[in-house]
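Peer 1: Got a file for you: model_11.txt, compact mmCIF, C-alpha atoms.
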# COMPACT_ATOMS: atom_id res chain seq x y z
CA MET Y 191 -103.87 108.60 8.55
CA SER Y 192 -106.63 106.34 7.22
CA GLU Y 193 -106.43 104.26 10.41
CA ILE Y 194 -107.07 107.42 12.42
CA PHE Y 195 -110.12 108.25 10.29
CA GLU Y 196 -111.40 104.69 10.72
CA LYS Y 197 -111.53 105.41 14.45
CA LEU Y 198 -112.60 109.05 14.18
CA ILE Y 199 -115.71 108.46 12.08
CA PRO Y 200 -117.47 106.20 14.64
CA ILE Y 201 -116.65 108.78 17.33
CA PHE Y 202 -118.35 111.52 15.31
CA GLN Y 203 -121.30 109.22 14.57
CA ASP Y 204 -121.70 108.47 18.28
CA VAL Y 205 -121.28 112.05 19.54
CA PHE Y 206 -123.66 113.47 16.94
CA ASP Y 207 -125.99 110.46 17.10
CA ASP Y 208 -125.90 110.01 13.33
CA ASP Y 209 -125.02 106.53 12.03
CA ILE Y 210 -124.44 107.72 8.49
CA LEU Y 211 -122.36 110.79 9.30
CA ILE Y 212 -119.10 110.79 7.37
CA VAL Y 213 -116.35 113.31 8.03
CA ASN Y 214 -113.27 114.03 5.98
CA GLU Y 215 -110.15 116.14 6.38
CA LYS Y 216 -111.97 119.32 5.41
CA THR Y 217 -114.96 118.87 7.73
CA LYS Y 218 -115.20 121.69 10.28
CA ALA Y 219 -117.60 122.65 13.06
CA ASP Y 220 -119.71 124.85 10.77
CA ASP Y 221 -120.44 121.82 8.55
CA ILE Y 222 -122.28 119.92 11.30
CA GLU Y 223 -125.28 121.75 12.72
CA GLU Y 224 -125.12 120.00 16.09
CA TRP Y 225 -121.41 120.77 16.57
CA ASP Y 226 -121.81 123.29 19.40
CA SER Y 227 -119.57 123.93 22.39
CA LEU Y 228 -121.00 121.06 24.45
CA ALA Y 229 -120.74 118.59 21.58
CA HIS Y 230 -117.18 119.79 21.10
CA ILE Y 231 -116.32 118.87 24.69
CA ARG Y 232 -117.87 115.39 24.24
CA LEU Y 233 -116.00 114.96 20.98
CA ILE Y 234 -112.62 115.88 22.44
CA ILE Y 235 -113.10 113.71 25.54
CA SER Y 236 -114.21 110.79 23.38
CA ILE Y 237 -111.19 111.22 21.08
CA GLU Y 238 -108.86 111.43 24.08
CA LYS Y 239 -110.29 108.17 25.47
CA THR Y 240 -110.26 106.30 22.16
CA PHE Y 241 -106.69 107.21 21.28
CA ASN Y 242 -105.52 107.15 24.90
CA LEU Y 243 -104.01 110.63 24.81
CA ARG Y 244 -104.59 114.08 26.29
CA PHE Y 245 -104.70 117.37 24.47
CA SER Y 246 -103.70 120.74 25.86
CA THR Y 247 -105.88 123.83 25.48
CA ASP Y 248 -103.35 125.28 23.01
CA GLU Y 249 -103.35 122.15 20.86
CA ILE Y 250 -107.13 122.15 20.62
CA SER Y 251 -107.34 125.86 19.85
CA ASN Y 252 -105.11 125.33 16.79
CA VAL Y 253 -107.41 122.68 15.30
CA ALA Y 254 -109.48 124.16 12.48
CA ASN Y 255 -110.91 121.01 10.92
CA VAL Y 256 -110.97 117.23 11.21
CA GLY Y 257 -107.78 116.97 9.13
CA ASP Y 258 -105.93 119.09 11.70
CA MET Y 259 -107.33 116.88 14.43
CA ALA Y 260 -106.14 113.73 12.65
CA LYS Y 261 -102.67 115.24 12.18
CA LEU Y 262 -102.53 116.17 15.86
CA ILE Y 263 -103.58 112.64 16.85
CA SER Y 264 -100.94 111.21 14.54
CA LEU Y 265 -98.30 113.50 16.05
CA LYS Y 266 -99.20 112.52 19.59
CA THR Y 267 -99.49 108.80 19.00
CA ASN Y 268 -96.27 108.32 17.00
CA MET E 1180 -104.93 132.64 40.47
CA SER E 1181 -107.39 131.22 42.99
CA LYS E 1182 -109.69 130.16 40.12
CA ILE E 1183 -106.89 128.11 38.57
CA ASN E 1184 -106.14 126.55 41.93
CA SER E 1185 -109.71 125.40 42.39
CA TRP E 1186 -109.54 123.52 39.04
CA ASP E 1187 -106.47 121.77 40.42
CA LYS E 1188 -108.59 120.43 43.27
CA TYR E 1189 -110.37 118.17 40.78
CA TYR E 1190 -108.62 114.90 40.04
CA GLU E 1191 -109.58 111.72 38.23
CA GLU E 1192 -110.81 108.93 40.51
CA MET E 1193 -111.85 111.60 43.06
CA LYS E 1194 -114.71 110.07 45.04
CA ILE E 1195 -117.54 112.03 46.67
CA GLU E 1196 -120.12 110.26 48.84
CA TRP E 1197 -122.88 110.96 51.32
CA PRO E 1198 -125.88 109.23 52.93
CA PHE E 1199 -129.40 110.52 52.34
CA SER E 1200 -133.06 109.59 52.49
CA PHE E 1201 -136.42 111.00 51.41
CA SER E 1202 -139.50 111.34 53.60
CA LYS E 1203 -143.16 111.01 52.60
CA ARG E 1204 -143.47 114.77 53.04
CA GLU E 1205 -140.66 115.35 50.56
CA MET E 1206 -142.43 112.99 48.16
CA SER E 1207 -145.55 115.18 48.43
CA ILE E 1208 -143.50 118.31 47.79
CA PHE E 1209 -141.94 116.69 44.72
CA ALA E 1210 -145.41 115.71 43.47
CA LYS E 1211 -146.44 119.37 43.59
CA LEU E 1212 -143.19 120.59 42.04
CA SER E 1213 -143.28 118.08 39.19
CA GLY E 1214 -147.03 117.77 38.70
CA ASP E 1215 -146.67 113.98 38.87
CA PHE E 1216 -149.36 112.72 41.27
CA ASN E 1217 -149.26 109.10 40.11
CA PRO E 1218 -150.45 106.98 43.09
CA ILE E 1219 -147.55 104.60 42.70
CA HIS E 1220 -145.50 107.33 44.40
CA LEU E 1221 -148.10 108.59 46.86
CA ASN E 1222 -150.48 105.75 47.75
CA PRO E 1223 -148.85 102.72 49.45
CA ASP E 1224 -151.89 100.49 48.84
CA PHE E 1225 -151.80 101.21 45.12
CA ALA E 1226 -148.04 100.59 44.97
CA ILE E 1227 -148.41 97.28 46.86
CA LEU E 1228 -151.03 96.18 44.31
CA LYS E 1229 -148.39 96.80 41.66
CA GLY E 1230 -145.93 94.52 43.44
CA PHE E 1231 -143.88 97.07 45.37
CA ASP E 1232 -143.30 97.19 49.14
CA THR E 1233 -144.90 100.62 49.49
CA ALA E 1234 -145.03 103.94 47.61
CA VAL E 1235 -142.01 104.18 45.30
CA ILE E 1236 -139.65 107.13 45.40
CA TYR E 1237 -139.70 109.16 42.19
CA GLY E 1238 -136.71 108.33 40.03
CA LEU E 1239 -136.14 111.98 39.33
CA LEU E 1240 -136.25 112.73 43.05
CA LEU E 1241 -133.31 110.35 43.43
CA SER E 1242 -131.63 112.19 40.57
CA THR E 1243 -131.71 115.41 42.54
CA GLN E 1244 -128.62 114.09 44.32
CA MET E 1245 -126.79 114.46 41.02
CA SER E 1246 -127.74 118.12 41.00
CA ARG E 1247 -126.44 118.36 44.57
CA LEU E 1248 -123.15 116.80 43.46
CA ILE E 1249 -122.51 119.34 40.73
CA GLY E 1250 -123.90 122.36 42.54
CA GLN E 1251 -122.88 121.75 46.08
CA GLU E 1252 -120.37 118.99 46.74
CA LEU E 1253 -117.53 119.69 44.31
CA PRO E 1254 -114.36 121.57 45.28
CA ASP E 1255 -115.76 124.86 43.95
CA LYS E 1256 -118.96 126.37 42.52
CA ASN E 1257 -117.72 126.55 38.93
CA ALA E 1258 -119.17 123.34 37.48
CA ILE E 1259 -122.33 123.45 35.36
CA LEU E 1260 -124.31 120.29 34.69
CA THR E 1261 -124.68 119.60 30.97
CA SER E 1262 -125.87 115.99 30.74
CA ILE E 1263 -127.38 113.25 32.86
CA LYS E 1264 -127.92 109.64 31.80
CA VAL E 1265 -129.62 107.56 34.47
CA ASP E 1266 -130.73 103.95 34.80
CA PHE E 1267 -133.26 103.13 37.51
CA ILE E 1268 -132.55 99.54 38.44
CA LYS E 1269 -134.48 98.82 41.64
CA PRO E 1270 -137.17 100.70 43.55
CA SER E 1271 -136.54 102.63 46.73
CA TYR E 1272 -138.99 103.78 49.37
CA PRO E 1273 -139.50 106.72 51.75
CA GLU E 1274 -137.18 106.63 54.78
CA ASP E 1275 -134.84 104.09 53.12
CA LYS E 1276 -131.25 104.80 54.12
CA LEU E 1277 -129.66 105.49 50.77
CA PHE E 1278 -126.10 106.23 49.79
CA PHE E 1279 -124.87 108.42 46.95
CA SER E 1280 -121.45 107.89 45.46
CA ALA E 1281 -119.76 109.68 42.57
CA THR E 1282 -116.39 109.18 40.93
CA LEU E 1283 -114.76 111.68 38.61
CA LEU E 1284 -113.94 109.58 35.56
CA THR E 1285 -112.57 112.24 33.26
CA LYS E 1286 -111.07 115.66 33.85
CA SER E 1287 -110.31 117.15 30.48
CA GLU E 1288 -107.62 119.82 30.68
CA SER E 1289 -108.18 120.92 27.10
CA THR E 1290 -111.95 121.45 27.29
CA LYS E 1291 -112.52 121.79 31.06
CA GLY E 1292 -115.08 119.01 30.70
CA LEU E 1293 -115.87 116.70 33.61
CA GLU E 1294 -117.43 113.22 33.52
CA PHE E 1295 -118.75 111.50 36.62
CA ASP E 1296 -119.96 108.00 37.30
CA CYS E 1297 -122.75 108.03 39.92
CA ASN E 1298 -124.34 105.32 41.97
CA ILE E 1299 -127.22 105.32 44.45
CA SER E 1300 -127.35 102.26 46.65
CA LYS E 1301 -129.14 100.73 49.60
CA LYS E 1302 -127.22 98.27 51.75
CA HIS E 1303 -124.53 98.11 49.06
CA LYS E 1304 -127.03 97.15 46.34
CA THR E 1305 -127.27 99.52 43.40
CA LEU E 1306 -130.70 101.09 42.88
CA CYS E 1307 -129.76 103.71 40.38
CA LYS E 1308 -126.67 104.52 38.36
CA GLY E 1309 -125.85 107.34 36.07
CA LYS E 1310 -123.29 109.26 34.11
CA LEU E 1311 -123.00 113.02 34.42
CA GLU E 1312 -121.24 115.55 32.30
CA ALA E 1313 -120.38 119.04 33.40
CA ILE E 1314 -118.30 121.94 32.22
CA TRP E 1315 -116.08 123.97 34.48
CA LYS E 1316 -116.50 127.70 33.92
CA PRO E 1317 -114.58 129.96 36.32
Would you put the structure from the file into structure tokens?

Peer 2:
Amino acid sequence: MSEIFEKLIPIFQDVFDDDILIVNEKTKADDIEEWDSLAHIRLIISIEKTFNLRFSTDEISNVANVGDMAKLISLKTN
Amino acid sequence: MSKINSWDKYYEEMKIEWPFSFSKREMSIFAKLSGDFNPIHLNPDFAILKGFDTAVIYGLLLSTQMSRLIGQELPDKNAILTSIKVDFIKPSYPEDKLFFSATLLTKSESTKGLEFDCNISKKHKTLCKGKLEAIWKP
């Protein structure tokens, strides 16, 4: 899981244009002011590209925080 | 059902292209619309002094083709432009025969996000390139 976070953190920093942004398993959209619907789309597309996978609408709708996202990535890449 | 079908008409690597040009009159109209009356765009003598061949087409006038792509040239009218990143590489001039080309790089099923790579060229040389993002909202 730590390998996934090593890749996720730079994605968040890039999408939210914040070099010192750190996310953890509990981080959710409400915790980052700029995390609106458009940023969400950029985030998901960037994650899909980085991990070379595709999410379905259902999979994304069940993600409540970054931990859920990391688990989903782990599930889809293993 | 028809709305779902129109999303299916989008596919990655889809290419959309057309030729276009801008006239001096359209440059004048853009000057009025934008409020940018810089002589580099309107006065050929001034532009030549600056090292250009003649008055230079406004970069953002070129970018209007990106608006045309999202609003007019896609398989349906459901895409909304959300981001443009453009690099202006070489100048272009009124009446130049230009060519717009866009490729759909990413079609995200989960978010209905779209990413396009765009290129404006003259005689196969790139003048302007950009990346566009849009969302698809039926």

Peer 1: Output the contact residues of chain Y with respect to chain E at a cut-off of 9 Å, based on only C-alpha atoms, as a list in words.

Peer 2: Leu228, His230, Ile231, Arg232, Ile234, Ile235, Glu238, Arg244, Phe245, Ser246, Thr247, Asp248, Glu249, Ile250 and Ser251 of chain Y

Peer 1: Give me, please, the distance in Å between CA of His1303 in chain E and CA of Ile1268 in chain E, quoted to one decimal.

Peer 2: 13.4 Å

Peer 1: For Gln203 in chain Y, which residue among Y:Ile222, Y:Asn255, Y:Met191, Y:Lys216 is the nearest when counting all atoms listed in the file?

Peer 2: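 Counting all atoms listed in the file, the residue closest to Gln203 in chain Y is Y:Ile222.
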
Peer 1: In Å to one decimal, how far is CA of Tyr1272 in chain E from CA of Ile1236 in chain E?

Peer 2: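 CA of Tyr1272 in chain E lies 5.2 Å from CA of Ile1236 in chain E.
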
Peer 1: Can you pull out every residue within 8 Å of Ile1219 in chain E, counting all atoms listed in the file, but drop anything in the same chain fewer than 2 positions away, and send it as a ChimeraX atom specification?

Peer 2: /E:1217,1221-1223,1225-1226,1229,1234-1235

Peer 1: Could you pull the residues within 9 Å of Ile1249 in chain E, counting all atoms listed in the file, minus those fewer than 4 positions along the same chain, as a list in words?

Peer 2: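 Listing them by chain and then by number gives Gln1244, Met1245, Leu1253, Lys1256, Asn1257, Ala1258, Ile1259, Leu1260, Leu1311 and Ala1313 of chain E.
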
Peer 1: For Ser1242 in chain E, which residue out of E:Lys1308, E:Lys1316, E:Lys1203, E:Lys1269 is the nearest one, using only C-alpha atoms?

Peer 2: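 The shortest atom-to-atom distance to Ser1242 in chain E comes from E:Lys1308.
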
Peer 1: Taking all atoms listed in the file into account, which of Y:Glu215, Y:Asp220, Y:Asp204, Y:Asp209 comes nearest Ala260 in chain Y?

Peer 2: Y:Glu215

Peer 1: Hey, can you check how far CA of Ser192 in chain Y sits from CA of Thr217 in chain Y?

Peer 2: 15.1 Å

Peer 1: For range 238-241 of chain Y, take all atoms listed in the file, fit an axis-aligned box around them, add 4 Å to each of the six sides, then output centre and edge lengths in Å rounded to one decimal, as lines of an AutoDock Vina configuration file.

Peer 2:
center_x = -108.5
center_y = 108.9
center_z = 23.4
size_x = 11.6
size_y = 13.1
size_z = 12.2

Peer 1: Could you check the closest approach to Cys1297 in chain E for each of E:Lys1194, E:Leu1240, E:Pro1270, E:Ile1227 and tell me which residue wins, using all atoms listed in the file?

Peer 2: E:Lys1194

Peer 1: Check the smallest atom-to-atom distance from each of Y:Leu211, Y:Lys266, Y:Phe195, Y:Val253 to Glu223 in chain Y using only C-alpha atoms, then report the winner.

Peer 2: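 Of the candidates, the smallest distance to Glu223 in chain Y is held by Y:Leu211.
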
Peer 1: Name the residues within 12 Å of (-133.6, 113.9, 40.6), counting all atoms listed in the file in the file's coordinates, and put them as a ChimeraX atom specification.

Peer 2: /E:1201,1206,1209,1212-1213,1236-1248,1263-1267,1299,1307-1309

Peer 1: Smallest atom-to-atom distance to Val213 in chain Y: which of Y:Ile263, Y:Ile237, Y:Ile194, Y:Val256, using all atoms listed in the file?

Peer 2: Y:Val256
